[in-house]
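Participant: Structure supplied as coords18.cif; contents: mmCIF, C-alpha atoms.
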data_protein
loop_
_atom_site.group_PDB
_atom_site.id
_atom_site.type_symbol
_atom_site.label_atom_id
_atom_site.label_comp_id
_atom_site.auth_asym_id
_atom_site.auth_seq_id
_atom_site.Cartn_x
_atom_site.Cartn_y
_atom_site.Cartn_z
ATOM 1 C CA MET A 1 54.081 27.351 40.340
ATOM 2 C CA CYS A 2 54.530 23.701 41.070
ATOM 3 C CA ALA A 3 56.930 24.155 43.955
ATOM 4 C CA HIS A 4 54.491 23.376 46.755
ATOM 5 C CA ARG A 5 54.004 19.801 47.959
ATOM 6 C CA SER A 6 53.181 17.778 51.045
ATOM 7 C CA PRO A 7 55.085 14.628 52.089
ATOM 8 C CA LEU A 8 53.364 11.287 51.740
ATOM 9 C CA THR A 9 53.497 9.796 55.216
ATOM 10 C CA ALA A 10 51.993 6.394 54.521
ATOM 11 C CA ARG A 11 52.365 3.757 51.850
ATOM 12 C CA ILE A 12 49.980 4.312 48.984
ATOM 13 C CA PRO A 13 46.902 2.163 49.591
ATOM 14 C CA ARG A 14 45.414 -0.187 47.029
ATOM 15 C CA LEU A 15 43.099 1.663 44.697
ATOM 16 C CA PRO A 16 39.478 0.756 44.168
ATOM 17 C CA ARG A 17 38.413 0.067 40.630
ATOM 18 C CA LEU A 18 37.982 3.344 38.782
ATOM 19 C CA PRO A 19 34.634 4.161 37.200
ATOM 20 C CA ARG A 20 34.433 4.309 33.464
ATOM 21 C CA LEU A 21 34.854 7.898 32.413
ATOM 22 C CA GLY A 22 33.301 9.403 29.335
ATOM 23 C CA PRO A 23 34.953 11.891 26.971
ATOM 24 C CA ASP A 24 33.899 14.975 28.952
ATOM 25 C CA ARG A 25 35.784 18.070 27.997
ATOM 26 C CA LEU A 26 37.139 20.795 30.212
ATOM 27 C CA PRO A 27 35.025 23.979 29.852
ATOM 28 C CA ARG A 28 36.862 26.902 28.297
ATOM 29 C CA SER A 29 36.148 29.071 31.347
ATOM 30 C CA ALA A 30 37.819 26.574 33.634
ATOM 31 C CA ARG A 31 41.081 26.375 31.722
ATOM 32 C CA ALA A 32 42.446 29.608 33.151
ATOM 33 C CA ALA A 33 42.159 28.235 36.670
ATOM 34 C CA LEU A 34 44.297 25.163 36.088
ATOM 35 C CA ALA A 35 47.773 25.558 37.552
ATOM 36 C CA CYS A 36 49.046 22.641 39.622
ATOM 37 C CA VAL A 37 45.967 22.060 41.810
ATOM 38 C CA PRO A 38 46.211 18.945 44.049
ATOM 39 C CA GLY A 39 44.117 15.916 43.173
ATOM 40 C CA LEU A 40 42.204 13.811 45.714
ATOM 41 C CA ALA A 41 42.499 14.964 49.302
ATOM 42 C CA ALA A 42 43.679 11.500 50.286
ATOM 43 C CA VAL A 43 46.615 11.855 47.903
ATOM 44 C CA ALA A 44 47.413 15.533 48.336
ATOM 45 C CA ALA A 45 51.110 14.715 48.036
ATOM 46 C CA LEU A 46 50.638 14.030 44.345
ATOM 47 C CA VAL A 47 50.653 17.675 43.275
ATOM 48 C CA LEU A 48 50.297 17.799 39.518
ATOM 49 C CA CYS A 49 52.375 19.849 37.130
ATOM 50 C CA ALA A 50 50.152 19.402 34.082
ATOM 51 C CA VAL A 51 48.455 22.655 33.117
ATOM 52 C CA GLY A 52 46.389 23.787 30.178
ATOM 53 C CA VAL A 53 44.358 21.800 27.681
ATOM 54 C CA ASP A 54 45.131 22.807 24.106
ATOM 55 C CA ARG A 55 43.547 20.744 21.403
ATOM 56 C CA THR A 56 43.833 20.795 17.661
ATOM 57 C CA GLN A 57 43.125 18.160 15.053
ATOM 58 C CA GLY A 58 45.646 17.293 12.345
ATOM 59 C CA ASP A 59 47.348 14.484 10.471
ATOM 60 C CA ALA A 60 48.809 11.482 12.219
ATOM 61 C CA GLU A 61 52.489 11.681 13.011
ATOM 62 C CA ARG A 62 53.114 8.538 11.035
ATOM 63 C CA ALA A 63 52.095 10.440 7.878
ATOM 64 C CA VAL A 64 54.948 12.925 8.298
ATOM 65 C CA ALA A 65 57.369 10.342 9.657
ATOM 66 C CA ALA A 66 58.086 9.165 6.134
ATOM 67 C CA ARG A 67 59.540 12.580 5.399
ATOM 68 C CA ALA A 68 62.003 12.428 8.289
ATOM 69 C CA SER A 69 65.644 11.583 7.815
ATOM 70 C CA VAL A 70 65.889 7.820 8.197
ATOM 71 C CA GLY A 71 69.490 8.159 9.317
ATOM 72 C CA HIS A 72 68.460 10.208 12.336
ATOM 73 C CA ARG A 73 65.647 8.073 13.640
ATOM 74 C CA ALA A 74 66.125 6.395 16.992
ATOM 75 C CA PRO A 75 64.665 3.030 17.990
ATOM 76 C CA LYS A 76 61.360 3.052 19.791
ATOM 77 C CA PRO A 77 61.871 2.282 23.496
ATOM 78 C CA HIS A 78 59.726 -0.292 25.248
ATOM 79 C CA ILE A 79 56.577 1.477 26.429
ATOM 80 C CA VAL A 80 54.184 -0.082 28.935
ATOM 81 C CA PRO A 81 50.615 0.351 27.599
ATOM 82 C CA ARG A 82 48.132 2.429 29.558
ATOM 83 C CA GLU A 83 46.024 -0.658 30.247
ATOM 84 C CA ARG A 84 48.652 -1.698 32.788
ATOM 85 C CA TRP A 85 47.883 1.260 35.057
ATOM 86 C CA LEU A 86 44.355 2.178 34.034
ATOM 87 C CA GLY A 87 42.775 -1.253 34.271
ATOM 88 C CA ASP A 88 39.139 -1.690 33.268
ATOM 89 C CA ALA A 89 38.671 2.025 32.564
ATOM 90 C CA ALA A 90 41.090 1.721 29.628
ATOM 91 C CA SER A 91 38.355 0.119 27.536
ATOM 92 C CA THR A 92 36.642 3.513 27.346
ATOM 93 C CA GLN A 93 39.090 6.140 26.199
ATOM 94 C CA PRO A 94 38.385 9.709 25.108
ATOM 95 C CA PRO A 95 38.722 10.832 21.491
ATOM 96 C CA ALA A 96 42.280 12.029 20.953
ATOM 97 C CA ARG A 97 43.312 15.258 19.236
ATOM 98 C CA TYR A 98 46.322 15.364 16.952
ATOM 99 C CA ALA A 99 48.842 17.888 15.699
ATOM 100 C CA ASP A 100 50.658 17.591 12.391
ATOM 101 C CA ARG A 101 53.942 16.634 14.049
ATOM 102 C CA VAL A 102 55.911 16.664 17.285
ATOM 103 C CA SER A 103 58.511 19.418 17.165
ATOM 104 C CA ALA A 104 59.590 19.444 20.827
ATOM 105 C CA VAL A 105 59.229 17.595 24.095
ATOM 106 C CA PHE A 106 58.671 19.165 27.503
ATOM 107 C CA VAL A 107 60.050 17.424 30.574
ATOM 108 C CA HIS A 108 58.081 17.461 33.846
ATOM 109 C CA HIS A 109 58.175 15.983 37.303
ATOM 110 C CA THR A 110 55.036 14.859 39.096
ATOM 111 C CA ASP A 111 55.972 16.518 42.426
ATOM 112 C CA SER A 112 55.278 13.252 44.239
ATOM 113 C CA PRO A 113 57.472 11.205 46.637
ATOM 114 C CA ASN A 114 60.705 9.697 45.328
ATOM 115 C CA GLY A 115 61.076 6.657 47.587
ATOM 116 C CA TYR A 116 58.539 4.452 45.855
ATOM 117 C CA ASP A 117 58.993 0.855 44.810
ATOM 118 C CA CYS A 118 58.977 0.750 41.014
ATOM 119 C CA ALA A 119 56.367 -2.009 41.184
ATOM 120 C CA ASP A 120 54.026 0.655 42.604
ATOM 121 C CA ALA A 121 54.491 3.008 39.636
ATOM 122 C CA PRO A 122 51.271 1.903 37.861
ATOM 123 C CA ARG A 123 49.206 2.718 40.968
ATOM 124 C CA ILE A 124 50.919 6.091 41.346
ATOM 125 C CA ILE A 125 50.111 6.906 37.725
ATOM 126 C CA GLN A 126 46.529 5.845 38.338
ATOM 127 C CA TYR A 127 46.336 8.311 41.225
ATOM 128 C CA LEU A 128 47.609 11.059 38.943
ATOM 129 C CA TYR A 129 44.975 10.113 36.408
ATOM 130 C CA THR A 130 42.277 10.155 39.085
ATOM 131 C CA GLY A 131 43.313 13.640 40.163
ATOM 132 C CA GLN A 132 43.157 14.976 36.626
ATOM 133 C CA ALA A 133 40.391 13.014 34.890
ATOM 134 C CA GLY A 134 38.297 12.225 37.953
ATOM 135 C CA VAL A 135 38.517 15.202 40.304
ATOM 136 C CA ARG A 136 39.335 17.951 37.825
ATOM 137 C CA HIS A 137 37.174 16.475 35.050
ATOM 138 C CA TRP A 138 39.832 16.475 32.374
ATOM 139 C CA ASP A 139 39.186 13.993 29.593
ATOM 140 C CA ASP A 140 42.420 12.070 30.302
ATOM 141 C CA ILE A 141 45.790 12.271 32.004
ATOM 142 C CA GLY A 142 47.753 15.237 30.681
ATOM 143 C CA TYR A 143 51.180 13.688 30.085
ATOM 144 C CA ASN A 144 51.942 11.719 26.932
ATOM 145 C CA PHE A 145 54.540 9.566 28.715
ATOM 146 C CA LEU A 146 55.642 8.884 32.278
ATOM 147 C CA VAL A 147 58.984 7.468 33.411
ATOM 148 C CA ASP A 148 59.737 5.892 36.785
ATOM 149 C CA ARG A 149 63.037 5.926 38.647
ATOM 150 C CA CYS A 150 63.921 2.468 37.329
ATOM 151 C CA GLY A 151 63.692 3.698 33.755
ATOM 152 C CA THR A 152 60.360 2.106 32.821
ATOM 153 C CA VAL A 153 58.378 4.154 30.306
ATOM 154 C CA TYR A 154 54.580 4.224 30.530
ATOM 155 C CA GLU A 155 52.076 5.359 27.947
ATOM 156 C CA GLY A 156 50.097 8.278 29.335
ATOM 157 C CA ARG A 157 47.468 10.076 27.312
ATOM 158 C CA ALA A 158 45.454 7.955 24.885
ATOM 159 C CA GLY A 159 45.726 8.248 21.130
ATOM 160 C CA GLY A 160 48.741 6.208 20.109
ATOM 161 C CA THR A 161 52.343 6.525 21.259
ATOM 162 C CA GLY A 162 53.623 6.956 17.718
ATOM 163 C CA ARG A 163 51.243 9.760 16.842
ATOM 164 C CA ALA A 164 51.344 13.491 17.578
ATOM 165 C CA VAL A 165 48.758 13.382 20.357
ATOM 166 C CA VAL A 166 47.908 16.780 21.847
ATOM 167 C CA GLY A 167 48.354 16.524 25.592
ATOM 168 C CA ALA A 168 47.612 18.786 28.560
ATOM 169 C CA HIS A 169 51.008 19.337 30.118
ATOM 170 C CA THR A 170 52.452 22.729 29.166
ATOM 171 C CA GLN A 171 50.039 25.652 29.086
ATOM 172 C CA GLY A 172 50.139 27.278 25.654
ATOM 173 C CA PHE A 173 52.413 24.677 24.106
ATOM 174 C CA ASN A 174 50.506 21.408 24.120
ATOM 175 C CA VAL A 175 50.059 21.438 20.344
ATOM 176 C CA GLY A 176 52.921 19.856 18.432
ATOM 177 C CA THR A 177 54.802 18.736 21.541
ATOM 178 C CA ALA A 178 55.003 15.694 23.794
ATOM 179 C CA GLY A 179 55.018 15.794 27.599
ATOM 180 C CA ILE A 180 57.335 13.388 29.440
ATOM 181 C CA ALA A 181 56.812 13.273 33.216
ATOM 182 C CA ALA A 182 59.371 11.913 35.674
ATOM 183 C CA LEU A 183 57.688 10.238 38.655
ATOM 184 C CA GLY A 184 59.038 12.048 41.698
ATOM 185 C CA THR A 185 60.226 15.453 42.883
ATOM 186 C CA PHE A 186 63.543 16.790 41.623
ATOM 187 C CA THR A 187 64.199 20.081 43.324
ATOM 188 C CA ALA A 188 67.749 21.363 43.867
ATOM 189 C CA GLY A 189 70.090 18.792 45.380
ATOM 190 C CA VAL A 190 67.841 15.772 44.789
ATOM 191 C CA PRO A 191 69.593 12.938 42.915
ATOM 192 C CA VAL A 192 68.074 12.114 39.546
ATOM 193 C CA PRO A 193 68.439 8.389 38.712
ATOM 194 C CA LYS A 194 70.458 7.715 35.568
ATOM 195 C CA ALA A 195 67.977 5.052 34.511
ATOM 196 C CA MET A 196 65.302 7.749 34.526
ATOM 197 C CA THR A 197 67.270 10.280 32.484
ATOM 198 C CA ASP A 198 68.315 7.585 30.015
ATOM 199 C CA ALA A 199 64.653 6.643 29.541
ATOM 200 C CA ILE A 200 63.640 10.277 29.018
ATOM 201 C CA ALA A 201 66.411 10.615 26.426
ATOM 202 C CA ALA A 202 65.236 7.449 24.665
ATOM 203 C CA VAL A 203 61.652 8.690 24.382
ATOM 204 C CA ALA A 204 62.773 12.140 23.227
ATOM 205 C CA ALA A 205 65.159 10.680 20.634
ATOM 206 C CA TRP A 206 62.460 8.433 19.213
ATOM 207 C CA LYS A 207 59.642 11.005 19.129
ATOM 208 C CA LEU A 208 61.776 13.798 17.668
ATOM 209 C CA GLY A 209 63.476 11.400 15.284
ATOM 210 C CA LEU A 210 60.135 10.623 13.656
ATOM 211 C CA THR A 211 60.272 14.113 12.154
ATOM 212 C CA GLY A 212 64.051 14.400 11.879
ATOM 213 C CA ILE A 213 64.510 16.927 14.701
ATOM 214 C CA ASP A 214 67.824 17.167 16.534
ATOM 215 C CA PRO A 215 67.112 17.149 20.318
ATOM 216 C CA ARG A 216 69.702 19.926 20.719
ATOM 217 C CA ALA A 217 68.207 22.172 18.051
ATOM 218 C CA SER A 218 66.253 25.376 18.561
ATOM 219 C CA VAL A 219 62.594 25.222 17.579
ATOM 220 C CA ARG A 220 59.942 27.908 17.227
ATOM 221 C CA LEU A 221 56.546 27.201 18.768
ATOM 222 C CA VAL A 222 53.396 29.305 18.624
ATOM 223 C CA SER A 223 51.623 29.881 21.935
ATOM 224 C CA THR A 224 47.930 29.045 22.001
ATOM 225 C CA ASN A 225 47.217 30.515 25.433
ATOM 226 C CA SER A 226 48.195 33.814 27.034
ATOM 227 C CA LEU A 227 48.497 32.127 30.430
ATOM 228 C CA SER A 228 51.854 30.784 29.257
ATOM 229 C CA LYS A 229 55.030 32.861 29.216
ATOM 230 C CA TYR A 230 54.092 33.969 25.707
ATOM 231 C CA ARG A 231 50.915 35.688 24.586
ATOM 232 C CA ALA A 232 48.592 33.660 22.401
ATOM 233 C CA GLY A 233 49.633 33.833 18.772
ATOM 234 C CA THR A 234 53.243 34.785 19.487
ATOM 235 C CA ARG A 235 56.261 32.578 18.848
ATOM 236 C CA GLY A 236 58.690 31.364 21.452
ATOM 237 C CA THR A 237 62.098 29.837 20.846
ATOM 238 C CA PHE A 238 62.844 26.620 22.730
ATOM 239 C CA THR A 239 65.367 23.828 22.662
ATOM 240 C CA ALA A 240 63.736 20.709 21.215
ATOM 241 C CA VAL A 241 64.037 19.100 24.674
ATOM 242 C CA SER A 242 62.910 21.715 27.198
ATOM 243 C CA GLY A 243 61.575 21.883 30.733
ATOM 244 C CA HIS A 244 58.036 22.823 31.721
ATOM 245 C CA THR A 245 59.358 26.029 33.265
ATOM 246 C CA ASP A 246 60.635 27.180 29.863
ATOM 247 C CA GLY A 247 57.070 27.675 28.667
ATOM 248 C CA TYR A 248 55.060 28.270 31.846
ATOM 249 C CA TRP A 249 55.452 30.032 35.202
ATOM 250 C CA THR A 250 56.389 27.030 37.322
ATOM 251 C CA ALA A 251 59.368 25.407 39.056
ATOM 252 C CA CYS A 252 58.579 22.107 37.284
ATOM 253 C CA PRO A 253 60.506 19.870 36.527
ATOM 254 C CA GLY A 254 62.660 20.987 39.441
ATOM 255 C CA ALA A 255 66.161 22.461 39.446
ATOM 256 C CA ALA A 256 67.888 19.071 39.655
ATOM 257 C CA LEU A 257 66.134 17.665 36.603
ATOM 258 C CA MET A 258 66.523 20.935 34.669
ATOM 259 C CA ALA A 259 70.266 20.681 35.272
ATOM 260 C CA ARG A 260 70.254 17.260 33.616
ATOM 261 C CA LEU A 261 68.557 18.433 30.407
ATOM 262 C CA PRO A 262 71.830 19.183 28.546
ATOM 263 C CA SER A 263 73.046 15.613 29.077
ATOM 264 C CA ILE A 264 69.588 14.247 28.199
ATOM 265 C CA ARG A 265 69.695 16.186 24.920
ATOM 266 C CA GLN A 266 73.162 14.902 24.165
ATOM 267 C CA GLU A 267 72.178 11.298 24.862
ATOM 268 C CA ALA A 268 69.049 11.682 22.726
ATOM 269 C CA ALA A 269 71.169 13.027 19.867
ATOM 270 C CA ARG A 270 73.561 10.088 20.238
ATOM 271 C CA LEU A 271 70.633 7.666 20.037
ATOM 272 C CA GLN A 272 69.645 9.350 16.785
ATOM 273 C CA GLY A 273 73.134 8.726 15.416
ATOM 274 C CA ARG A 274 74.166 12.362 15.553
ATOM 275 C CA ARG A 275 77.575 13.669 16.552
#
Before we go any further, please render this structure as structure tokens.

Facilitator:
Amino acid sequence: MCAHRSPLTARIPRLPRLPRLGPDRLPRSARAALACVPGLAAVAALVLCAVGVDRTQGDAERAVAARASVGHRAPKPHIVPRERWLGDAASTQPPARYADRVSAVFVHHTDSPNGYDCADAPRIIQYLYTGQAGVRHWDDIGYNFLVDRCGTVYEGRAGGTGRAVVGAHTQGFNVGTAGIAALGTFTAGVPVPKAMTDAIAAVAAWKLGLTGIDPRASVRLVSTNSLSKYRAGTRGTFTAVSGHTDGYWTACPGAALMARLPSIRQEAARLQGRR
């Protein structure tokens, strides 16, 4: 579970320049051990909720986008490119893997402190990346998108924001989904900023609209890993906008953010022009 965390008692220091990382892949034997392990010891407060690396290669999402209902597409929100938080290391990015389409999005929280200045969000994301790609030797950050409390959307995993990039965010259900991570911790009773939920809804509306999927609809997804709540090869039924805990044994994205998912779905549907 992703319920454990430690408070960050000091302001996040300035990061040194990250080394260029090659496209190393996570060994198959190591995948079973990944379940919200902290990153660098110096940033133990940034407990990660990204688990599982499922990869498959398929067509670009833009190829199937033409088949989606034009009337139910939502505008693409402004997305800050990964170069803004990754710096020089962005010039060397790993080869992406693609699914045929994005059928659902999973919402996460990063289990990190909430009282950050939004100007510090790029450095916080870089710490998350360092914990996953540097310490745990993943090939990239697991989330496809990250959203800060001011509503700014950041590109996460490399491969193209408009394409069906396979992430590493929801064990067993990384293929054909997108992971959207809220920067912070949203356990029961913690306020969730409206700017943040509006941004999550905007990303969900746009990504699902590319393939004509109603954010409130039920979708069937096939599990690729028995470490999820569903055995590999079996189908699970999800709402098109779901929480991490719906597919994996975790408290992520926190009770407070889970409680906001119905309104996020409704706002995403509105942005798609649905009633």

Participant: Tell me which protein, DNA and RNA residues are within 10 Å of Arg149 of chain A, counting all atoms listed in the file, leaving out same-chain ones fewer than 2 positions away, and put them as a PDB file with C-alpha atoms, keeping the file's coordinate frame.

Facilitator:
ATOM      1  CA  ASN A 114      60.705   9.697  45.328  1.00  0.00           C
ATOM      2  CA  GLY A 115      61.076   6.657  47.587  1.00  0.00           C
ATOM      3  CA  TYR A 116      58.539   4.452  45.855  1.00  0.00           C
ATOM      4  CA  ASP A 117      58.993   0.855  44.810  1.00  0.00           C
ATOM      5  CA  CYS A 118      58.977   0.750  41.014  1.00  0.00           C
ATOM      6  CA  ALA A 121      54.491   3.008  39.636  1.00  0.00           C
ATOM      7  CA  VAL A 147      58.984   7.468  33.411  1.00  0.00           C
ATOM      8  CA  GLY A 151      63.692   3.698  33.755  1.00  0.00           C
ATOM      9  CA  THR A 152      60.360   2.106  32.821  1.00  0.00           C
ATOM     10  CA  VAL A 153      58.378   4.154  30.306  1.00  0.00           C
ATOM     11  CA  ALA A 182      59.371  11.913  35.674  1.00  0.00           C
ATOM     12  CA  LEU A 183      57.688  10.238  38.655  1.00  0.00           C
ATOM     13  CA  GLY A 184      59.038  12.048  41.698  1.00  0.00           C
ATOM     14  CA  VAL A 192      68.074  12.114  39.546  1.00  0.00           C
ATOM     15  CA  PRO A 193      68.439   8.389  38.712  1.00  0.00           C
ATOM     16  CA  LYS A 194      70.458   7.715  35.568  1.00  0.00           C
ATOM     17  CA  ALA A 195      67.977   5.052  34.511  1.00  0.00           C
ATOM     18  CA  MET A 196      65.302   7.749  34.526  1.00  0.00           C
ATOM     19  CA  THR A 197      67.270  10.280  32.484  1.00  0.00           C
ATOM     20  CA  ALA A 199      64.653   6.643  29.541  1.00  0.00           C
TER      21      ALA A 199
END

Participant: By how many Å are atom CA of Val241 of chain A and atom CA of Val203 of chain A apart?

Facilitator: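 We find that atom CA of Val241 of chain A and atom CA of Val203 of chain A lie 10.7 Å from each other.
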
Participant: I'd like the interatomic distance between atom CA of Arg73 of chain A and atom CA of Leu221 of chain A, to a tenth of an Å.

Facilitator: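 Separation between atom CA of Arg73 of chain A and atom CA of Leu221 of chain A: 21.8 Å.
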
Participant: Grab the atom CA of Gln171 of chain A to atom CA of Gly243 of chain A distance for me, in Å with one decimal place.

Facilitator: 12.2 Å

Participant: Please write out, as JSON, where the centre of an axis-aligned box around all listed atoms of segment 88-99 of chain A lies and how long its edges are, in Å to one decimal, after adding 4 Å on each side.

Facilitator:
{"center_x": 42.7, "center_y": 8.1, "center_z": 24.5, "size_x": 20.2, "size_y": 27.6, "size_z": 25.6}

Participant: Could you spell out the hits of the PyMOL selection byres ((chain A and resi 105) around 6) on the shown file, as a VMD selection string?

Facilitator: chain A and resid 104 106 177 to 179 241

Participant: Using only C-alpha atoms, which of A:Ala240, A:Ala202, A:Val165, A:Ile180 sits nearest Thr110 of chain A?

Facilitator: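 Residue with the minimum atom-to-atom distance to Thr110 of chain A: A:Ile180.
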
Participant: Determine the nearest neighbour of His72 of chain A from the options A:Ala217, A:Leu210, A:Leu227, A:Met258, counting only C-alpha atoms.

Facilitator: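 Distance minimum relative to His72 of chain A lands on A:Leu210.
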